[in-house]
Structures are given as C-alpha cells and as structure tokens.
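Below: the structure, in structure tokens.
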Number of protein chains: 2
Amino acid sequence: MAVFEEIAALDRLIHEPARLAILTALSACHSADFLFLQRLTGLTKGNLSSHLSKLEEAGLVKIEKQFVGKVPNTQASLTARGRAAIERHWQRLETLRSDAQRWKPS
Amino acid sequence: MAVFEEIAALDRLIHEPARLAILTALSACHSADFLFLQRLTGLTKGNLSSHLSKLEEAGLVKIEKQFVGKVPNTQASLTARGRAAIERHWQRLETLRSDAQRWKPS
DNA sequence: GAAGACTAGTTTGTAATGCAAACCTAATTA
DNA sequence: TAATTAGGTTTGCATTACAAACTAGTCTTC
C-alpha cells in the first residue's frame with residue numbers, strides 16, 4: 001500500500017485526538033486515576049468516561065475500580081496491546097511523514 | 001497548555017486520516033487532478049469529493065474545474081494557508097510526541 | 001443513430017461518532 | 001438536614017464519514 005493510502009487508513013480508534021491524548025498520557029504514567037487523567041487531557045468527565053470505555057472495549061486500556069477509603073476511584077492503565085498500539089501509532093506517523101516527504105509524483 | 005491537552009485539542013479538520021492523506025499528498029504534488037488523488041489516497045470518489053469540498057470551504061485547498069478537450073477535469077492544490085497548515089500539523093505531531101516522551105508525572 | 005458502457009464526479013441516506021448537559025450516588029460541609 | 005462536592009455514567013443531539021445512488025456528458029459498437 002502506498003504512503004498516502006496508509007495515511008488515509010490510519011486506525012481512527014487510536015488516531016482520534018482525545019484517545020491519542022489518553023493513550024499517550026497513560027504510556028507516560030503507567031497508571032492514572034480518572035481525575036488525574038482528566039486534568040492532564042483537559043477532557044470533560046463525560047468524554048473521558050466514554051473514551052475510556054471505548055478503549056477498554058477495544059482491549060487497549062484496563063479499568064480498575066476500587067474504593068479509596070469510602071470514595072470510589074477509577075484507575076486506568078494500558079494493557080500490553082494498548083502499549084504496543086500507541087507506540088506503533090506514533091512510530092507509524094513518523095514513518096509516514098518521512099515517506100511522504102521523500103515521495104515524488106511518478 | 002500541557003502536552004496531553006494539546007494532543008486532545010488537535011484540529012480535527014486536518015487530523016482526520018482521509019484529509020491528512022489528501023493534504024499530505026497535495027503538499028508533495030503541488031497540483032493533482034481528482035482521479036490521480038483518488039488513486040493516491042485509495043478513497044472512493046464520493047469521499048474524496050466531500051473531503052475536498054470541506055477543505056475548500058476551510059480555505060486550505062483550491063479547486064479548479066476545467067475541460068481537457070471535452071472531458072471535465074478537476075484540479076486540486078493547496079492554498080498558502082493549506083500548505084502552512086499541513087506542514088505545521090506534522091511538525092506539531094512530532095513536537096507533541098517528543099514532549100510526551102520527555103514528560104514525567106509531577 | 002440508438003443502446004449501452006464508460007468517465008468524472010456530486011448528492012443522498014444512514015449509521016457511527018464525539019460532545020456537553022443532565023443525571024446519579026454517596027460523602028462532606030454549613 | 002439541606003446544600004454542596006466528588007466521582008463518575010447516561011442521554012440527547014448535532015456533526016461526521018462513508019458507500020450507494022445518481023447526474024451529466026462522452027465514447028463505442030452495431
């Protein structure tokens with residue numbers, strides 16, 4: 001597949017800005033609770049919640065709910081697949097960009 | 001704004017895979033006709049058409065329709081703003097990635 | 001010269017998306 | 001005990017992105 005085709009076919013689950021931010025943040029944090037993640041990404045609770053659910057369904061993120069004292073607390077972390085996927089996505093972007101720069105019309 | 005917030009706030013008009021592909025292809029081609037662009041990106045005519053319209057409305061792409069002999073022909077090229085925008089977007093991605101890699105939880 | 005096929009797109013219909021606002025449950029504060 | 005805050009989830013809606021259907025005109029073939 002040619003470079004521009006590959007760009008057009010990027011996985012939107014990961015590429016979408018909010019989820020790209022979540023996954024990238026988690027890859028730097030190892031584990032983060034809901035509110036910390038919300039502050040980091042600037043997302044509203046509603047959006048963060050639904051994006052996390054989507055990432056969890058896709059098997060990229062693990063969600064663990066616990067009580068800290070009496071207060072519910074949600075921890076999110078990357079699964080092995082999630083970690084691989086976000087790393088690969090950034091690498092792909094880098095590669096695609098440089099391939100595109102080298103490309104000449106034929 | 002912190003790095004993950006910036007990722008989450010990436011301009012979706014440009015970031016969307018199909019349009020990222022179109023803009024990137026145009027930045028390498030200087031000018032391209034509809035069918036050439038379609039082959040490059042692998043998009044269907046319908047999608048290419050509507051994405052081009054959206055990019056034109058946003059002032060990133062210039063569309064010129066002409067007749068080549070008797071056959072209608074559509075040429076697309078980047079406007080100055082479009083060229084700046086796609087270049088800046090890729091640079092931002094690069095910067096954001098490396099900022100994210102350097103980032104440590106505080 | 002009419003029927004069909006092809007070219008070069010645009011418009012339409014629909015399902016999925018992302019967002020914010022409303023909602024929920026429990027804990028804390030006044 | 002009434003209001004406020006914490007920590008989220010669900011709902012409703014407007015926007016999207018896609019493919020399929022359509023349009024307008026050209027070329028081929030008989």
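Here, A, B, ... name the chains of the structure tokens in the order displayed, residue numbers run from 1 inside each chain, and ligands are numbered from 1 in the same displayed order.
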Handout entry: For segment 29-40 of chain B: contacts at 9 Å, only C-alpha atoms (C1' of nucleotides), fewer than 3 positions along chain excluded, given as a ChimeraX atom specification
Key = /A:2-5,104-105 /B:21-22,24-26,43-45,48-49,73-78 /C:8-9
Problem - DSSP-assigned strand (DSSP E) members of chain A, reported as a ChimeraX atom specification - result: /A:32-33,61-68,71-78
Can you write just those residues out, C-alpha atoms, as an mmCIF file, in the first residue's frame?
```cif
data_model
loop_
_atom_site.group_PDB
_atom_site.id
_atom_site.type_symbol
_atom_site.label_atom_id
_atom_site.label_comp_id
_atom_site.auth_asym_id
_atom_site.auth_seq_id
_atom_site.Cartn_x
_atom_site.Cartn_y
_atom_site.Cartn_z
ATOM 1 C CA ALA A 32 -3.505 7.086 36.401
ATOM 2 C CA ASP A 33 -6.746 7.783 38.135
ATOM 3 C CA VAL A 61 -6.894 0.003 28.369
ATOM 4 C CA LYS A 62 -7.621 -1.689 31.666
ATOM 5 C CA ILE A 63 -10.038 -0.001 34.036
ATOM 6 C CA GLU A 64 -9.953 -0.842 37.703
ATOM 7 C CA LYS A 65 -12.498 0.472 40.125
ATOM 8 C CA GLN A 66 -11.756 0.467 43.797
ATOM 9 C CA PHE A 67 -12.607 2.373 46.929
ATOM 10 C CA VAL A 68 -10.058 4.639 48.492
ATOM 11 C CA VAL A 71 -14.574 7.229 47.885
ATOM 12 C CA PRO A 72 -14.849 5.392 44.588
ATOM 13 C CA ASN A 73 -11.782 5.638 42.464
ATOM 14 C CA THR A 74 -11.115 4.615 38.907
ATOM 15 C CA GLN A 75 -7.673 3.665 37.777
ATOM 16 C CA ALA A 76 -6.773 3.308 34.134
ATOM 17 C CA SER A 77 -3.716 1.706 32.667
ATOM 18 C CA LEU A 78 -2.594 0.403 29.323
#
```
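With atom CA of Arg97 of chain B on one side and atom CA of Glu57 of chain A on the other, the separation reads 25.1 Å.
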Handout entry: Test item: residues at most 12 Å from DA17 of chain D, only C-alpha atoms (C1' of nucleotides), excluding those fewer than 6 positions along its chain, as a PyMOL selection string
Key = (chain A and resi 12) or (chain B and resi 16-19+43-44+46-51+54) or (chain C and resi 14-17)
Save out the residues we just selected, C-alpha atoms (C1' of nucleotides), as a tab-separated table (two decimals), in the first residue's frame.
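As written to disk, out03.tsv reads:
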```
chain	number	residue	atom	x	y	z
A	12	ARG	CA	-9.26	6.03	13.96
B	16	GLU	CA	-8.77	13.18	10.15
B	17	PRO	CA	-6.98	10.39	8.24
B	18	ALA	CA	-8.59	10.93	4.83
B	19	ARG	CA	-7.93	14.66	4.88
B	43	LEU	CA	-10.56	6.94	-1.22
B	44	THR	CA	-13.83	6.43	-3.05
B	46	GLY	CA	-17.73	10.18	-3.01
B	47	ASN	CA	-15.48	10.56	-0.02
B	48	LEU	CA	-12.75	12.32	-1.92
B	49	SER	CA	-15.31	14.73	-3.32
B	50	SER	CA	-16.79	15.60	0.04
B	51	HIS	CA	-13.47	15.88	1.82
B	54	LYS	CA	-14.71	20.58	3.16
C	14	DT	C1'	-27.55	6.26	7.03
C	15	DA	C1'	-25.01	4.61	10.77
C	16	DA	C1'	-21.47	5.91	13.87
C	17	DT	C1'	-19.11	9.48	16.31
```
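Closest to chain C among A:Gly42, A:His89, A:Ala80, A:Lys70 is A:Lys70, based on only C-alpha atoms (C1' of nucleotides).
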Considering only C-alpha atoms (C1' of nucleotides), give me a table of residues in chain D that are at most 10 Å from chain A, with the closest atom pair and distance in Å for each, as a tab-separated table.
```
residue	atom	partner	partner_atom	distance
D:DA6	C1'	A:Val71	CA	8.1
D:DG7	C1'	A:Pro72	CA	6.8
D:DG8	C1'	A:Lys45	CA	7.1
D:DT9	C1'	A:Ser49	CA	7.4
D:DT10	C1'	A:Gly46	CA	9.0
```
The selected residues should be written to file as a PDB file, in the first residue's frame (atoms: C-alpha atoms (C1' of nucleotides)).
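Result file is selection.pdb:
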```pdb
ATOM      1  C1'  DA D   6     -16.718  14.219  44.423  1.00  0.00           C
ATOM      2  C1'  DG D   7     -16.560  10.897  41.035  1.00  0.00           C
ATOM      3  C1'  DG D   8     -18.250   9.398  37.548  1.00  0.00           C
ATOM      4  C1'  DT D   9     -22.230   7.433  33.786  1.00  0.00           C
ATOM      5  C1'  DT D  10     -26.006   8.032  30.681  1.00  0.00           C
TER       6       DT D  10
END
```
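One distance worth recording is that between atom C1' of DT5 of chain D and atom C1' of DA21 of chain C, which is 18.0 Å.
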Exercise for the section: Using only C-alpha atoms (C1' of nucleotides), determine which residues lie at most 6 Å from Leu60 of chain A, disregarding the query and same-chain residues fewer than 2 positions distant; provide the list as an NGL selection string. Expected result: :A and (55-56 or 58 or 78-79 or 81-82)
Please produce, as a tab-separated table, a per-residue contact table for chain C versus chain B (criterion: any atom at most 12 Å away, only C-alpha atoms (C1' of nucleotides) considered), showing the nearest atom pair and its distance in Å to one decimal, sorted by chain then residue number.
```
residue	atom	partner	partner_atom	distance
C:DT7	C1'	B:Val71	CA	8.1
C:DA8	C1'	B:Pro72	CA	6.8
C:DG9	C1'	B:Lys45	CA	7.2
C:DT10	C1'	B:Ser49	CA	7.5
C:DT11	C1'	B:Gly46	CA	9.0
C:DT12	C1'	B:Gly46	CA	10.8
C:DG18	C1'	B:Arg12	CA	11.3
```
Hey, can you spit out that residue selection with all heavy atoms as a compact mmCIF listing (two decimals), in the first residue's frame?
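Now in part-v1.txt:
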```txt
# COMPACT_ATOMS: atom_id res chain seq x y z
P DT C 7 -13.56 4.11 -17.96
OP1 DT C 7 -12.18 3.88 -18.39
OP2 DT C 7 -14.07 3.50 -16.71
O5' DT C 7 -13.80 5.68 -17.86
C5' DT C 7 -13.76 6.47 -19.04
C4' DT C 7 -14.04 7.92 -18.67
O4' DT C 7 -15.46 8.13 -18.50
C3' DT C 7 -13.40 8.37 -17.36
O3' DT C 7 -12.84 9.66 -17.60
C2' DT C 7 -14.56 8.44 -16.38
C1' DT C 7 -15.71 8.82 -17.30
N1 DT C 7 -17.08 8.42 -16.88
C2 DT C 7 -18.10 9.34 -16.94
O2 DT C 7 -17.92 10.50 -17.30
N3 DT C 7 -19.32 8.88 -16.56
C4 DT C 7 -19.65 7.60 -16.14
O4 DT C 7 -20.79 7.31 -15.83
C5 DT C 7 -18.53 6.68 -16.10
C7 DT C 7 -18.76 5.27 -15.66
C6 DT C 7 -17.31 7.12 -16.46
P DA C 8 -11.79 10.28 -16.57
OP1 DA C 8 -10.87 11.15 -17.34
OP2 DA C 8 -11.26 9.21 -15.71
O5' DA C 8 -12.72 11.21 -15.69
C5' DA C 8 -13.27 12.38 -16.28
C4' DA C 8 -14.22 13.02 -15.30
O4' DA C 8 -15.42 12.20 -15.18
C3' DA C 8 -13.67 13.13 -13.87
O3' DA C 8 -14.01 14.40 -13.34
C2' DA C 8 -14.43 12.06 -13.12
C1' DA C 8 -15.77 12.15 -13.82
N9 DA C 8 -16.67 11.03 -13.60
C8 DA C 8 -16.36 9.71 -13.41
N7 DA C 8 -17.41 8.94 -13.22
C5 DA C 8 -18.48 9.81 -13.31
C6 DA C 8 -19.87 9.64 -13.19
N6 DA C 8 -20.43 8.45 -12.97
N1 DA C 8 -20.67 10.73 -13.32
C2 DA C 8 -20.09 11.92 -13.56
N3 DA C 8 -18.79 12.22 -13.68
C4 DA C 8 -18.04 11.11 -13.55
P DG C 9 -13.02 15.07 -12.26
OP1 DG C 9 -13.29 16.50 -12.13
OP2 DG C 9 -11.65 14.62 -12.58
O5' DG C 9 -13.48 14.25 -10.97
C5' DG C 9 -14.23 14.88 -9.99
C4' DG C 9 -15.74 14.87 -10.29
O4' DG C 9 -16.18 13.57 -10.71
C3' DG C 9 -16.55 15.16 -9.06
O3' DG C 9 -16.82 16.56 -9.01
C2' DG C 9 -17.82 14.36 -9.22
C1' DG C 9 -17.56 13.50 -10.46
N9 DG C 9 -17.92 12.10 -10.20
C8 DG C 9 -17.07 11.03 -10.06
N7 DG C 9 -17.69 9.90 -9.85
C5 DG C 9 -19.03 10.24 -9.86
C6 DG C 9 -20.18 9.43 -9.68
O6 DG C 9 -20.24 8.20 -9.47
N1 DG C 9 -21.35 10.17 -9.75
C2 DG C 9 -21.41 11.52 -9.95
N2 DG C 9 -22.64 12.07 -9.98
N3 DG C 9 -20.36 12.29 -10.13
C4 DG C 9 -19.19 11.59 -10.07
P DT C 10 -17.27 17.20 -7.63
OP1 DT C 10 -17.19 18.66 -7.78
OP2 DT C 10 -16.57 16.52 -6.55
O5' DT C 10 -18.81 16.80 -7.54
C5' DT C 10 -19.72 17.30 -8.51
C4' DT C 10 -21.14 16.99 -8.06
O4' DT C 10 -21.36 15.55 -8.06
C3' DT C 10 -21.48 17.46 -6.65
O3' DT C 10 -22.78 18.05 -6.74
C2' DT C 10 -21.48 16.19 -5.81
C1' DT C 10 -21.90 15.14 -6.82
N1 DT C 10 -21.37 13.77 -6.62
C2 DT C 10 -22.24 12.73 -6.52
O2 DT C 10 -23.46 12.86 -6.57
N3 DT C 10 -21.65 11.49 -6.38
C4 DT C 10 -20.31 11.21 -6.33
O4 DT C 10 -19.90 10.06 -6.22
C5 DT C 10 -19.44 12.36 -6.43
C7 DT C 10 -17.97 12.17 -6.39
C6 DT C 10 -20.01 13.57 -6.57
P DT C 11 -23.44 18.70 -5.43
OP1 DT C 11 -24.17 19.90 -5.88
OP2 DT C 11 -22.42 18.81 -4.36
O5' DT C 11 -24.51 17.60 -4.99
C5' DT C 11 -25.35 17.04 -5.99
C4' DT C 11 -26.25 15.98 -5.37
O4' DT C 11 -25.51 14.75 -5.18
C3' DT C 11 -26.82 16.35 -4.00
O3' DT C 11 -28.22 16.09 -4.07
C2' DT C 11 -26.08 15.44 -3.02
C1' DT C 11 -25.75 14.24 -3.88
N1 DT C 11 -24.51 13.49 -3.53
C2 DT C 11 -24.56 12.13 -3.38
O2 DT C 11 -25.59 11.48 -3.50
N3 DT C 11 -23.36 11.53 -3.09
C4 DT C 11 -22.14 12.15 -2.94
O4 DT C 11 -21.13 11.51 -2.69
C5 DT C 11 -22.16 13.59 -3.11
C7 DT C 11 -20.89 14.35 -2.96
C6 DT C 11 -23.32 14.18 -3.39
P DT C 12 -29.12 16.19 -2.75
OP1 DT C 12 -30.48 16.54 -3.19
OP2 DT C 12 -28.42 17.01 -1.74
O5' DT C 12 -29.16 14.68 -2.24
C5' DT C 12 -29.51 13.64 -3.14
C4' DT C 12 -29.64 12.33 -2.39
O4' DT C 12 -28.32 11.80 -2.10
C3' DT C 12 -30.35 12.44 -1.03
O3' DT C 12 -31.23 11.33 -0.94
C2' DT C 12 -29.23 12.39 -0.01
C1' DT C 12 -28.21 11.49 -0.72
N1 DT C 12 -26.78 11.71 -0.37
C2 DT C 12 -25.98 10.61 -0.18
O2 DT C 12 -26.37 9.47 -0.24
N3 DT C 12 -24.66 10.89 0.10
C4 DT C 12 -24.09 12.14 0.20
O4 DT C 12 -22.90 12.26 0.44
C5 DT C 12 -24.99 13.26 -0.01
C7 DT C 12 -24.46 14.65 0.09
C6 DT C 12 -26.28 13.00 -0.29
P DG C 18 -15.03 9.11 18.23
OP1 DG C 18 -13.62 9.26 17.82
OP2 DG C 18 -15.41 8.13 19.25
O5' DG C 18 -15.59 10.53 18.64
C5' DG C 18 -15.54 11.60 17.71
C4' DG C 18 -16.09 12.84 18.37
O4' DG C 18 -17.52 12.74 18.44
C3' DG C 18 -15.58 13.06 19.80
O3' DG C 18 -15.27 14.43 19.94
C2' DG C 18 -16.77 12.63 20.66
C1' DG C 18 -17.95 12.95 19.78
N9 DG C 18 -19.13 12.11 19.97
C8 DG C 18 -19.15 10.76 20.20
N7 DG C 18 -20.35 10.27 20.31
C5 DG C 18 -21.18 11.36 20.13
C6 DG C 18 -22.60 11.45 20.15
O6 DG C 18 -23.42 10.55 20.33
N1 DG C 18 -23.03 12.75 19.93
C2 DG C 18 -22.22 13.83 19.73
N2 DG C 18 -22.82 15.00 19.53
N3 DG C 18 -20.90 13.77 19.70
C4 DG C 18 -20.45 12.50 19.92
```
Problem - DSSP-assigned alpha helix (DSSP H) among segment 3-99 of chain A, expressed as a ChimeraX atom specification - result: /A:3-8,12-15,17-29,34-41,45-57,80-99
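Of the residues under consideration (B:Ile86, B:Leu10, B:Leu52, B:Leu23), B:Leu10 shows the shortest atom-to-atom contact distance to chain A when counting only C-alpha atoms.
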